[in-house]
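**Q** Pasting a structure below so you can have a look.
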Number of protein chains: 2
Amino acid sequence: MSDKVPYKIYLEESEMPKAWYNMRADMKNKPAPLLNPGTGAPMKAEELEGVFCKELVAQELNNDDPWIEIPDEIRSFYRMYRPSPLVRAYCLEEKLGTPAKIYYKFEGNNTSGSHKLNSAIAQAYYAKKQGLKGVTTETGAGQWGTALSMACAYFGLDCKVYMVKVSYEQKPFRREVMRTYGASVTPSPSETTEIGKKILSEHPGTTGSLGCAISEAVEVAVGTEGYRYVLGSVLNQVLLHQSVIGLETKAALDKYGIKADMIIGCAGGGSNLGGLIAPFMGEKLRGEADYEIIAVEPASCPSFTRGTYAYDFCDTGKVCPLAKMYTLGCDFIPAPNHAGGLRYHGMSSTLSQLYADGYMKAVSVPQTSVFEAAEFFARTEGILPAPESSHAIRVAIDEAKKCKETGEEKNIVFGLTGTGYFDMVAYEKYHDGKMDDYIPTDEELKESLAKLPRI
Amino acid sequence: MSDKVPYKIYLEESEMPKAWYNMRADMKNKPAPLLNPGTGAPMKAEELEGVFCKELVAQELNNDDPWIEIPDEIRSFYRMYRPSPLVRAYCLEEKLGTPAKIYYKFEGNNTSGSHKLNSAIAQAYYAKKQGLKGVTTETGAGQWGTALSMACAYFGLDCKVYMVKVSYEQKPFRREVMRTYGASVTPSPSETTEIGKKILSEHPGTTGSLGCAISEAVEVAVGTEGYRYVLGSVLNQVLLHQSVIGLETKAALDKYGIKADMIIGCAGGGSNLGGLIAPFMGEKLRGEADYEIIAVEPASCPSFTRGTYAYDFCDTGKVCPLAKMYTLGCDFIPAPNHAGGLRYHGMSSTLSQLYADGYMKAVSVPQTSVFEAAEFFARTEGILPAPESSHAIRVAIDEAKKCKETGEEKNIVFGLTGTGYFDMVAYEKYHDGKMDDYIPTDEELKESLAKLPRI
């Protein structure tokens, strides 16, 4: 460890971003607009404001301003757990015997254990500012629900969480954390909504999906006075808030004169990846620098690598607007053996457009190889990673091994989105050799994609 | 939040302690020596070295040197997660409406989630340096076992953990974390040791105790080539390593010219408390300053407040040396309804001597009031605290409320030893109204104390 770069690069509080960076402002091809499923016309602000908070709608539709100031109240909360460290993975490099230099931005050292808090606190703030009583949301693996519960407790907002049933059952402790923060948690699909009842009658015994849970949360938000719906990924506004991850990462690298060669992030709906790559992608879009950017998704839910770029519903219940994105079809539900998050059928429309335009790559990885990487990482670098984050670890390790063969001293940066303390059922399965790698067949995907709406 | 003190006081890496502080050097009445249970004579280094690592024995017996240099390898590991923040609890103060100023030293932001890592990495380092193959230990709530597993993975040592059966059953995920780090975990009492078999035959269906688990771990260490036993609390060496907590706390307060009035820590075996108070107690012992120091223990395991100051076995199996300490009797096992750690029958002999000499106070608190404080704290300050840490939170809140009545602007400092992510079964019980407050009767304690060894 004689290198000049410290084990952890910490920015000063004063070096924390004062504004979020909006990639869309620098995109020549803007992400396609959300469409009204009834009329096929682009959603207007007024229409979206029935579902989302007013200021968040403005952020959602803002394709022009590259910088959006972070309100003081949010920056004040960020200071409780940010800046987060950019860690030089010296131990991992040594164990791999690679000439590559590996860095990871660790977003798990906050009380929700993941990067989700960055957007949760922003969305809770705008809801409070608008004078709302509460918010509804869905959660898959539980990170988003945990983060939002915490953010709502901070601002004194009510919080109703619809949790994908398979996660609710696999992760009873996540539910208790949310209850500790005062949130109510309902397994989805549930009998508490019309759409939940419909899905349950059509698919009895379903383990649920993010798409179902979104439909339920939206139904409740729209039907309850003083409530709005908030979403933890996919949307432009969420990627915007998450840009703090990338901005801090870039500032930390710049501080030591390091130029990243490759940036790797896991991708479910795209919020972490979109945030991590934001300023790097900005330079790429403006032709100022080049970076190899890799999205890593689970082989069991491969929207980038095996999906279609088309308009689709954001939710299984088909009550939400249509978004143009890489999608597996809104009826797609990953196999129940799939552990953790990254189970959304689609992908952020901003990232989808960037992928379609060739600004980034995508790979999919099977889950046992992900847990192998997770365990190796825990033993080497100490941190017990979330399964989601471990997708990025898998590919970072693979790329570092390639460097060992070629002798290239690449600077590899990846996002470590959170910790795996609530994922021990999945780790146990892995330890006991009970985890498998079910991957959807071409026929299954074809069937699910055949139902895409015709626009 | 217009006060000049930031929400989190972070020291620079360069301000981290370079040496551990050894309170014993400044004590007029030294802690009583460990005794050989066979001969009744003070244990010699050679005798202890069959059980413990050589350098740790030297630290254990060192009552003279006030400062012991921290080896570079340990400081290098410390830099991965230290300095830890001293947090000004602005939100808590506001919610309580107290004129008191509340600070907490947060030790949960490392990958084991608790302060235990401070000593685990030191002990693993000395074991490695001695050329050992592995170590054995016990764990109660699981924090120590987790920390040691992680430390052993870092230095490539084998790690055998005996886990108190009630915790093993209540916290299956802790076991998985330890397995992830490559440790083997056995519920105690077990059939793998002679002492385990004996305890099981005498107390069938016992839920175990730290005392039993210690006996088993020691038996295996002594009987296995290349192994030694390590302990996560109680011993002088552990308090020594934990002094980094107090040293950083004092440095952070000094940086802002803050004089603590009251220092509050939870106490099981005393490692966190002994570490937190170390430099403050040093000033008190040297007559340089005064502080009110409060140990908080569970009403279900009240060694300070209802125990006897006497020589007792450190373990239920009566294979370990005798220590003079406040004890409930080595056969005492807390009621199974007791959640979390702080379940050891005795107390650090250093702290016991200081308590006997009037340098500190102790209070005991019932567990439902502890969980009430824990939930209140989580909703107010964001962090989900460990049940153990929440004992200190309970008393800090009570003291801050007293200040509200008297108008005193006391500076209250407490130790937040860890996070509660693995304690959600206990939180669930609390949420569901299924937690009660069993407190041992005078008769029970009398019976257990009647069996103290006669020295």
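Letters A, B, ... go to the chains of the structure tokens in the order shown; residues in each chain start at 1; ligands are counted from 1 in the same order.
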Just the residues within 6 Å of region 276-286 of chain A, please, counting only C-alpha atoms, with nothing from its chain fewer than 6 positions along; format it as a list of chain:residue names.
**A**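 Neighbouring residues, sequence-local ones excluded: A:Met23, A:Ser243, A:Ile245, A:Gly246.
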**Q** Run DSSP on the backbone and tell me which residues of region 11-100 of chain B come out as strand (DSSP E); list them as a PyMOL selection string.
**A** chain B and resi 19-21+67-69+86-88
**Q** Dump as a list in words the residues of chain B that approach chain A to within 7 Å, counting only C-alpha atoms.
**A** Tyr7, Lys8, Met80, Asn109, Thr111, Met150, Ala153, Tyr154, Phe173, Glu176, Thr180, Tyr181, Glu375, Ala378, Arg379, Thr380, Gly382, Ile383, Leu384, Tyr421, Met424, Tyr427 and Glu428 of chain B
**Q** Give the alpha helix (DSSP H) residues of region 106-233 of chain A, as assigned by DSSP on the backbone, as an NGL selection string.
**A** :A and (117-129 or 143-155 or 165-170 or 172-180 or 194-202 or 210-223)
**Q** What lies within 12 Å of Leu328 (chain B) using only C-alpha atoms, ignoring chain neighbours under 6 positions off, as a VMD selection string?
**A** chain B and resid 211 300 to 316 334 343 to 347 440 to 452
**Q** Give me the residues within 10 Å of region 12-14 of chain B as a PyMOL selection string, counting only C-alpha atoms and dropping any in the same chain fewer than 6 places off.
**A** chain B and resi 78-79+82-83+252
**Q** Write out the residues from the selection above, keeping N, CA, C and O atoms, as an mmCIF file, in the first residue's frame.
**A**
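Output saved as out.cif:
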```
data_model
loop_
_atom_site.group_PDB
_atom_site.id
_atom_site.type_symbol
_atom_site.label_atom_id
_atom_site.label_comp_id
_atom_site.auth_asym_id
_atom_site.auth_seq_id
_atom_site.Cartn_x
_atom_site.Cartn_y
_atom_site.Cartn_z
ATOM 1 N N TYR B 78 -7.401 -0.129 10.519
ATOM 2 C CA TYR B 78 -8.276 0.876 11.146
ATOM 3 C C TYR B 78 -8.676 1.958 10.130
ATOM 4 O O TYR B 78 -9.795 2.458 10.149
ATOM 5 N N ARG B 79 -7.725 2.313 9.272
ATOM 6 C CA ARG B 79 -8.015 3.390 8.314
ATOM 7 C C ARG B 79 -9.119 3.021 7.330
ATOM 8 O O ARG B 79 -9.669 3.886 6.667
ATOM 9 N N ARG B 82 -12.031 3.790 10.190
ATOM 10 C CA ARG B 82 -11.850 4.807 11.206
ATOM 11 C C ARG B 82 -11.190 6.030 10.559
ATOM 12 O O ARG B 82 -10.562 5.875 9.522
ATOM 13 N N PRO B 83 -11.191 7.220 11.177
ATOM 14 C CA PRO B 83 -11.912 7.545 12.400
ATOM 15 C C PRO B 83 -13.421 7.444 12.199
ATOM 16 O O PRO B 83 -13.923 7.726 11.114
ATOM 17 N N ALA B 252 -12.143 14.632 19.126
ATOM 18 C CA ALA B 252 -13.192 15.347 18.382
ATOM 19 C C ALA B 252 -13.820 16.437 19.245
ATOM 20 O O ALA B 252 -14.082 17.549 18.780
#
```
**Q** Quick one: residues within 8 Å of region 405-418 of chain A, only C-alpha atoms counted, chain neighbours fewer than 6 positions away excluded, as a ChimeraX atom specification?
**A** /A:98-109,113-115,258-266,272-273,276,385-386,388-390,392-393,396
**Q** Output N, CA, C and O atoms of each residue in that selection to a file, as a CSV table (one decimal), in the first residue's frame.
**A**
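So again_13.csv came out as:
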```csv
chain,number,residue,atom,x,y,z
A,98,THR,N,-3.6,-8.5,-10.4
A,98,THR,CA,-3.9,-7.8,-11.6
A,98,THR,C,-3.1,-6.5,-11.7
A,98,THR,O,-3.0,-5.8,-10.6
A,99,PRO,N,-2.7,-6.1,-12.8
A,99,PRO,CA,-2.1,-4.7,-13.0
A,99,PRO,C,-3.1,-3.6,-13.0
A,99,PRO,O,-2.8,-2.4,-12.9
A,100,ALA,N,-4.4,-4.0,-13.1
A,100,ALA,CA,-5.5,-3.0,-13.2
A,100,ALA,C,-5.6,-2.3,-11.8
A,100,ALA,O,-5.2,-2.9,-10.8
A,101,LYS,N,-6.1,-1.1,-11.8
A,101,LYS,CA,-6.3,-0.4,-10.6
A,101,LYS,C,-7.9,-0.3,-10.4
A,101,LYS,O,-8.5,0.2,-11.3
A,102,ILE,N,-8.3,-0.9,-9.3
A,102,ILE,CA,-9.8,-1.0,-9.1
A,102,ILE,C,-10.2,0.0,-8.0
A,102,ILE,O,-9.7,0.1,-7.0
A,103,TYR,N,-11.3,0.7,-8.4
A,103,TYR,CA,-11.9,1.7,-7.4
A,103,TYR,C,-13.4,1.4,-7.3
A,103,TYR,O,-14.0,1.0,-8.3
A,104,TYR,N,-13.9,1.5,-6.1
A,104,TYR,CA,-15.4,1.4,-6.0
A,104,TYR,C,-16.0,2.5,-5.2
A,104,TYR,O,-15.4,2.9,-4.1
A,105,LYS,N,-17.1,3.0,-5.6
A,105,LYS,CA,-17.8,4.0,-4.9
A,105,LYS,C,-18.7,3.3,-4.0
A,105,LYS,O,-19.7,2.6,-4.4
A,106,PHE,N,-18.5,3.4,-2.6
A,106,PHE,CA,-19.3,2.7,-1.7
A,106,PHE,C,-20.5,3.5,-1.1
A,106,PHE,O,-20.3,4.4,-0.4
A,107,GLU,N,-21.7,3.1,-1.5
A,107,GLU,CA,-22.9,3.8,-1.1
A,107,GLU,C,-23.6,3.1,0.0
A,107,GLU,O,-24.8,3.5,0.3
A,108,GLY,N,-23.0,2.1,0.7
A,108,GLY,CA,-23.7,1.3,1.7
A,108,GLY,C,-23.6,1.9,3.1
A,108,GLY,O,-24.2,1.4,4.0
A,109,ASN,N,-22.7,2.8,3.3
A,109,ASN,CA,-22.4,3.3,4.6
A,109,ASN,C,-23.4,4.4,5.1
A,109,ASN,O,-23.0,5.4,5.7
A,113,GLY,N,-28.4,1.5,4.2
A,113,GLY,CA,-27.5,0.5,3.6
A,113,GLY,C,-27.4,0.5,2.1
A,113,GLY,O,-26.9,-0.4,1.5
A,114,SER,N,-27.9,1.5,1.4
A,114,SER,CA,-27.8,1.6,0.0
A,114,SER,C,-27.9,3.0,-0.6
A,114,SER,O,-28.2,3.9,0.1
A,115,HIS,N,-27.6,3.1,-1.9
A,115,HIS,CA,-27.7,4.4,-2.6
A,115,HIS,C,-29.1,5.0,-2.7
A,115,HIS,O,-29.2,6.1,-3.0
A,258,ILE,N,-6.7,10.9,-11.5
A,258,ILE,CA,-6.9,9.5,-12.1
A,258,ILE,C,-8.0,9.6,-13.2
A,258,ILE,O,-9.0,10.2,-13.0
A,259,LYS,N,-7.7,9.1,-14.3
A,259,LYS,CA,-8.6,9.0,-15.4
A,259,LYS,C,-9.2,7.6,-15.5
A,259,LYS,O,-8.5,6.6,-15.7
A,260,ALA,N,-10.5,7.5,-15.3
A,260,ALA,CA,-11.2,6.2,-15.3
A,260,ALA,C,-11.1,5.7,-16.8
A,260,ALA,O,-11.3,6.4,-17.7
A,261,ASP,N,-10.9,4.4,-17.0
A,261,ASP,CA,-10.9,3.8,-18.3
A,261,ASP,C,-12.3,3.1,-18.5
A,261,ASP,O,-12.8,3.1,-19.6
A,262,MET,N,-12.8,2.6,-17.4
A,262,MET,CA,-14.0,1.7,-17.5
A,262,MET,C,-14.9,2.0,-16.3
A,262,MET,O,-14.3,2.0,-15.2
A,263,ILE,N,-16.1,2.1,-16.5
A,263,ILE,CA,-17.1,2.3,-15.4
A,263,ILE,C,-18.1,1.3,-15.5
A,263,ILE,O,-18.8,1.1,-16.5
A,264,ILE,N,-18.3,0.6,-14.4
A,264,ILE,CA,-19.2,-0.6,-14.3
A,264,ILE,C,-20.3,-0.4,-13.3
A,264,ILE,O,-20.0,-0.1,-12.1
A,265,GLY,N,-21.5,-0.6,-13.6
A,265,GLY,CA,-22.6,-0.5,-12.7
A,265,GLY,C,-23.6,-1.6,-12.9
A,265,GLY,O,-23.9,-2.0,-14.0
A,266,CYS,N,-24.3,-2.0,-11.8
A,266,CYS,CA,-25.4,-3.0,-11.9
A,266,CYS,C,-26.6,-2.2,-12.4
A,266,CYS,O,-26.7,-1.0,-12.1
A,272,ASN,N,-28.9,3.5,-10.1
A,272,ASN,CA,-27.5,3.6,-9.6
A,272,ASN,C,-26.6,3.8,-10.8
A,272,ASN,O,-25.8,4.7,-10.8
A,273,LEU,N,-26.8,3.0,-11.9
A,273,LEU,CA,-26.0,3.2,-13.0
A,273,LEU,C,-26.0,4.6,-13.6
A,273,LEU,O,-25.0,5.2,-13.9
A,276,LEU,N,-24.2,6.9,-11.3
A,276,LEU,CA,-22.7,6.7,-11.3
A,276,LEU,C,-22.0,7.2,-12.5
A,276,LEU,O,-21.0,7.9,-12.5
A,385,PRO,N,-21.3,-7.4,0.4
A,385,PRO,CA,-22.0,-6.6,-0.6
A,385,PRO,C,-23.5,-7.2,-0.8
A,385,PRO,O,-23.8,-8.3,-0.6
A,386,ALA,N,-24.3,-6.3,-1.3
A,386,ALA,CA,-25.7,-6.7,-1.7
A,386,ALA,C,-25.6,-7.5,-3.0
A,386,ALA,O,-24.7,-7.3,-3.7
A,388,GLU,N,-27.3,-7.2,-5.6
A,388,GLU,CA,-27.4,-6.3,-6.7
A,388,GLU,C,-26.0,-5.8,-7.1
A,388,GLU,O,-25.5,-5.9,-8.2
A,389,SER,N,-25.4,-5.2,-6.1
A,389,SER,CA,-24.0,-4.6,-6.2
A,389,SER,C,-23.0,-5.7,-6.8
A,389,SER,O,-22.1,-5.3,-7.5
A,390,SER,N,-23.3,-6.9,-6.4
A,390,SER,CA,-22.3,-8.0,-6.7
A,390,SER,C,-22.3,-8.3,-8.2
A,390,SER,O,-21.3,-8.9,-8.7
A,392,ALA,N,-22.0,-6.0,-10.4
A,392,ALA,CA,-20.9,-5.1,-10.8
A,392,ALA,C,-19.5,-5.6,-10.4
A,392,ALA,O,-18.6,-5.6,-11.2
A,393,ILE,N,-19.5,-6.2,-9.2
A,393,ILE,CA,-18.3,-6.8,-8.7
A,393,ILE,C,-17.8,-7.9,-9.6
A,393,ILE,O,-16.6,-8.0,-10.0
A,396,ALA,N,-16.3,-6.4,-12.7
A,396,ALA,CA,-15.1,-5.8,-12.4
A,396,ALA,C,-13.9,-6.8,-12.2
A,396,ALA,O,-12.8,-6.6,-12.7
```
**Q** Write out as a PyMOL selection string each polymer residue whose atoms come within 8 Å of Gly208 (chain B), counting only C-alpha atoms; drop sequence neighbours fewer than 5 positions from it.
**A** chain B and resi 164-166+188-189+213+333
**Q** Which of these, A:Ile439, A:Leu354, A:Ala124, A:Ala299, has the shortest distance to Phe52 (chain A) once you count only C-alpha atoms?
**A**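 Closest to Phe52 (chain A) of all the choices is A:Ala124.
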